[in-house]
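The data block below is structure21.cif; it holds mmCIF, C-alpha atoms.
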data_work
#
loop_
_atom_site.label_atom_id
_atom_site.label_comp_id
_atom_site.auth_asym_id
_atom_site.auth_seq_id
_atom_site.Cartn_x
_atom_site.Cartn_y
_atom_site.Cartn_z
CA MET A 1 0.00 0.00 0.00
CA SER A 2 1.24 3.39 -0.93
CA GLN A 3 0.70 6.33 1.39
CA GLN A 4 1.70 9.08 -0.97
CA GLY A 5 0.50 12.51 0.07
CA GLU A 6 -0.91 11.25 3.37
CA ASN A 7 0.50 12.30 6.69
CA PRO A 8 0.37 9.42 9.21
CA GLN A 9 0.29 11.92 12.07
CA SER A 10 -2.93 13.50 10.79
CA ARG A 11 -5.04 10.59 12.06
CA ILE A 12 -3.65 11.07 15.55
CA ASN A 13 -4.46 14.78 15.50
CA GLU A 14 -8.00 14.07 14.29
CA GLU A 15 -8.50 11.61 17.15
CA ASP A 16 -7.21 14.13 19.69
CA ARG A 17 -9.57 16.82 18.42
CA SER A 18 -12.59 14.53 18.55
CA THR A 19 -11.92 13.34 22.12
CA SER A 20 -11.47 16.83 23.60
CA SER A 21 -15.03 18.05 23.06
CA ILE A 22 -15.41 19.07 26.71
CA SER A 23 -13.83 22.45 27.28
CA PRO A 24 -12.28 23.50 30.60
CA ALA A 25 -14.90 26.24 30.87
CA MET A 26 -17.68 23.63 30.90
CA ILE A 27 -15.95 21.77 33.73
CA GLY A 28 -15.31 25.00 35.62
CA TRP A 29 -18.93 26.14 35.42
CA GLY A 30 -20.04 22.64 36.48
CA VAL A 31 -17.84 22.78 39.56
CA ALA A 32 -19.06 26.32 40.32
CA ALA A 33 -22.67 25.14 40.01
CA ALA A 34 -22.07 22.21 42.36
CA VAL A 35 -20.33 24.42 44.94
CA LEU A 36 -23.05 27.08 44.78
CA ALA A 37 -25.79 24.44 45.10
CA ILE A 38 -24.11 22.90 48.17
CA VAL A 39 -23.56 26.30 49.78
CA SER A 40 -27.10 27.49 49.02
CA VAL A 41 -28.65 24.40 50.61
CA THR A 42 -26.23 24.24 53.54
CA PHE A 43 -26.41 27.85 54.71
CA ASN A 44 -30.05 28.56 53.86
CA THR A 45 -32.16 29.14 56.98
CA SER A 46 -35.59 29.34 55.36
CA SER A 47 -38.30 27.01 56.61
CA MET A 48 -38.42 25.36 53.18
CA VAL A 49 -34.87 24.08 53.59
CA LEU A 50 -34.91 23.47 57.35
CA SER A 51 -37.99 21.24 57.16
CA ALA A 52 -36.57 19.08 54.34
CA GLY A 53 -34.84 15.78 55.01
CA TRP A 54 -31.30 14.93 53.97
CA PHE A 55 -32.45 13.02 50.87
CA ALA A 56 -34.52 15.97 49.64
CA LYS A 57 -31.56 18.27 50.25
CA GLY A 58 -29.29 15.92 48.30
CA VAL A 59 -31.70 15.82 45.37
CA ALA A 60 -32.01 19.62 45.58
CA VAL A 61 -28.22 19.95 45.34
CA LEU A 62 -28.13 17.58 42.37
CA VAL A 63 -30.97 19.30 40.48
CA GLY A 64 -29.62 22.74 41.39
CA ALA A 65 -26.15 21.84 40.14
CA ILE A 66 -27.48 20.49 36.85
CA LEU A 67 -29.78 23.46 36.23
CA GLY A 68 -27.05 25.87 37.33
CA TRP A 69 -24.63 24.33 34.84
CA LEU A 70 -27.26 24.57 32.10
CA GLY A 71 -27.90 28.20 33.07
CA ALA A 72 -24.19 29.01 32.89
CA MET A 73 -23.94 27.38 29.47
CA ALA A 74 -26.98 29.35 28.28
CA GLY A 75 -25.39 32.52 29.67
CA ASP A 76 -22.19 31.72 27.81
CA ALA A 77 -24.13 31.28 24.57
CA ILE A 78 -25.90 34.60 25.15
CA ARG A 79 -22.55 36.26 25.92
CA LYS A 80 -21.02 34.95 22.70
CA PHE A 81 -24.02 36.19 20.72
CA ALA A 82 -24.50 39.61 22.33
CA HIS A 83 -20.91 40.56 23.24
CA PRO A 84 -20.13 43.99 21.77
CA ASP A 85 -17.08 44.42 19.56
CA ALA A 86 -16.27 47.85 20.96
CA VAL A 87 -17.15 49.58 24.21
CA PHE A 88 -17.38 53.34 24.67
CA THR A 89 -17.76 54.98 28.05
CA ASN A 90 -17.74 58.42 29.65
CA GLY A 91 -17.16 57.05 33.14
CA GLY A 92 -13.41 56.62 33.00
CA ILE A 93 -11.20 53.58 33.43
CA LEU A 94 -13.22 52.01 36.27
CA SER A 95 -16.36 52.02 34.17
CA LEU A 96 -14.45 50.42 31.32
CA ILE A 97 -13.05 47.73 33.63
CA TRP A 98 -16.55 47.03 34.99
CA ILE A 99 -17.94 46.62 31.46
CA LYS A 100 -15.08 44.30 30.47
CA VAL A 101 -15.53 42.15 33.60
CA PHE A 102 -19.28 41.96 33.07
CA TRP A 103 -18.93 40.77 29.48
CA ALA A 104 -16.29 38.25 30.54
CA VAL A 105 -18.35 36.43 33.21
CA GLY A 106 -21.60 38.34 33.84
CA PRO A 107 -24.14 36.39 31.77
CA GLN A 108 -22.70 33.05 32.93
CA VAL A 109 -22.90 34.04 36.61
CA LEU A 110 -26.48 35.26 36.20
CA GLY A 111 -27.49 32.00 34.50
CA LEU A 112 -25.63 29.99 37.14
CA CYS A 113 -27.38 31.70 40.06
CA VAL A 114 -30.83 31.56 38.48
CA GLY A 115 -30.40 27.88 37.60
CA VAL A 116 -29.11 26.81 41.02
CA PHE A 117 -31.71 28.73 43.02
CA PHE A 118 -34.56 27.67 40.74
CA GLY A 119 -33.48 24.02 40.80
CA CYS A 120 -33.19 23.94 44.59
CA ALA A 121 -36.54 25.71 44.98
CA ILE A 122 -38.31 23.25 42.66
CA VAL A 123 -37.20 20.25 44.71
CA LEU A 124 -37.67 21.77 48.17
CA ARG A 125 -41.01 23.43 47.45
#
How does this structure look as C-alpha cells?
Amino acid sequence: MSQQGENPQSRINEEDRSTSSISPAMIGWGVAAAVLAIVSVTFNTSSMVLSAGWFAKGVAVLVGAILGWLGAMAGDAIRKFAHPDAVFTNGGILSLIWIKVFWAVGPQVLGLCVGVFFGCAIVLR
C-alpha cells in the first residue's frame, strides 16, 4: 500500500480533536454550580430548607447543580451572541473595567445563580 501525500500523524491529530469536546470552561462552570448548590442548601435558613430531610436536600443539590450548569452554558451562549465588539464609556477607566468584567463572566454568573436557586426551589417546594 502506498501512502503518498498522506500524513500518518494527521489521524492522531483528528482523534485528539474529537476526544477533547469538553472544554475546561464547561468543567469550571459545572464545579461552580455544584459548589453554589451545596452552599445554598447548607447555609439557607428558610423554613423550606430546614424542614426538608437529607435526601430531599441531596436531590435539591443535584438538580440545582445540573440546572445551574445549564444556566451558565446558556449565559455563555448569550454572551457569545451579544458581546459587543467595541465599548465606549464616559465614566473613565473604572467604568471600562466594569464593562469588560461583566462581558467576561456576567451572563454566565447570572445564568448559574438563576439555575441553582430555581433548581433547589423546585425540589424543596
For the file shown, what are the residues hit by the PyMOL selection byres ((chain A and resi 36) around 12), laid out as a PDB file with C-alpha atoms, in the frame of the given file?
ATOM      1  CA  TRP A  29     -18.930  26.140  35.420  1.00  0.00           C
ATOM      2  CA  GLY A  30     -20.040  22.640  36.480  1.00  0.00           C
ATOM      3  CA  VAL A  31     -17.840  22.780  39.560  1.00  0.00           C
ATOM      4  CA  ALA A  32     -19.060  26.320  40.320  1.00  0.00           C
ATOM      5  CA  ALA A  33     -22.670  25.140  40.010  1.00  0.00           C
ATOM      6  CA  ALA A  34     -22.070  22.210  42.360  1.00  0.00           C
ATOM      7  CA  VAL A  35     -20.330  24.420  44.940  1.00  0.00           C
ATOM      8  CA  ALA A  37     -25.790  24.440  45.100  1.00  0.00           C
ATOM      9  CA  ILE A  38     -24.110  22.900  48.170  1.00  0.00           C
ATOM     10  CA  VAL A  39     -23.560  26.300  49.780  1.00  0.00           C
ATOM     11  CA  SER A  40     -27.100  27.490  49.020  1.00  0.00           C
ATOM     12  CA  VAL A  41     -28.650  24.400  50.610  1.00  0.00           C
ATOM     13  CA  THR A  42     -26.230  24.240  53.540  1.00  0.00           C
ATOM     14  CA  PHE A  43     -26.410  27.850  54.710  1.00  0.00           C
ATOM     15  CA  ASN A  44     -30.050  28.560  53.860  1.00  0.00           C
ATOM     16  CA  ALA A  60     -32.010  19.620  45.580  1.00  0.00           C
ATOM     17  CA  VAL A  61     -28.220  19.950  45.340  1.00  0.00           C
ATOM     18  CA  LEU A  62     -28.130  17.580  42.370  1.00  0.00           C
ATOM     19  CA  VAL A  63     -30.970  19.300  40.480  1.00  0.00           C
ATOM     20  CA  GLY A  64     -29.620  22.740  41.390  1.00  0.00           C
ATOM     21  CA  ALA A  65     -26.150  21.840  40.140  1.00  0.00           C
ATOM     22  CA  ILE A  66     -27.480  20.490  36.850  1.00  0.00           C
ATOM     23  CA  LEU A  67     -29.780  23.460  36.230  1.00  0.00           C
ATOM     24  CA  GLY A  68     -27.050  25.870  37.330  1.00  0.00           C
ATOM     25  CA  TRP A  69     -24.630  24.330  34.840  1.00  0.00           C
ATOM     26  CA  VAL A 109     -22.900  34.040  36.610  1.00  0.00           C
ATOM     27  CA  LEU A 112     -25.630  29.990  37.140  1.00  0.00           C
ATOM     28  CA  CYS A 113     -27.380  31.700  40.060  1.00  0.00           C
ATOM     29  CA  VAL A 114     -30.830  31.560  38.480  1.00  0.00           C
ATOM     30  CA  GLY A 115     -30.400  27.880  37.600  1.00  0.00           C
ATOM     31  CA  VAL A 116     -29.110  26.810  41.020  1.00  0.00           C
ATOM     32  CA  PHE A 117     -31.710  28.730  43.020  1.00  0.00           C
ATOM     33  CA  GLY A 119     -33.480  24.020  40.800  1.00  0.00           C
ATOM     34  CA  CYS A 120     -33.190  23.940  44.590  1.00  0.00           C
TER      35      CYS A 120
END
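Taking all atoms listed in the file into account, Gly75 of chain A lies nearest to A:Ala104 out of the set A:Ile93, A:Ala104, A:Ala52, A:Val87.
Taking atom CA of Ile22 of chain A and atom CA of His83 of chain A as the two end points, the separation is 22.5 Å.
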* To do: Step by step, work through what the PyMOL selection byres ((chain A and resi 107) around 8) selects in the shown file, and finish by giving those residues as a PyMOL selection string.
  => chain A and resi 72+75-76+78-79+102-103+105-106+108-111
Let me know the centre plus edge lengths, in Å and rounded to one decimal, of a box with edges along x, y and z that contains all listed atoms of segment 22-36 of chain A and is padded by 6 Å on every side, as JSON.
{"center_x": -17.7, "center_y": 23.1, "center_z": 35.8, "size_x": 22.8, "size_y": 20.0, "size_z": 30.2}
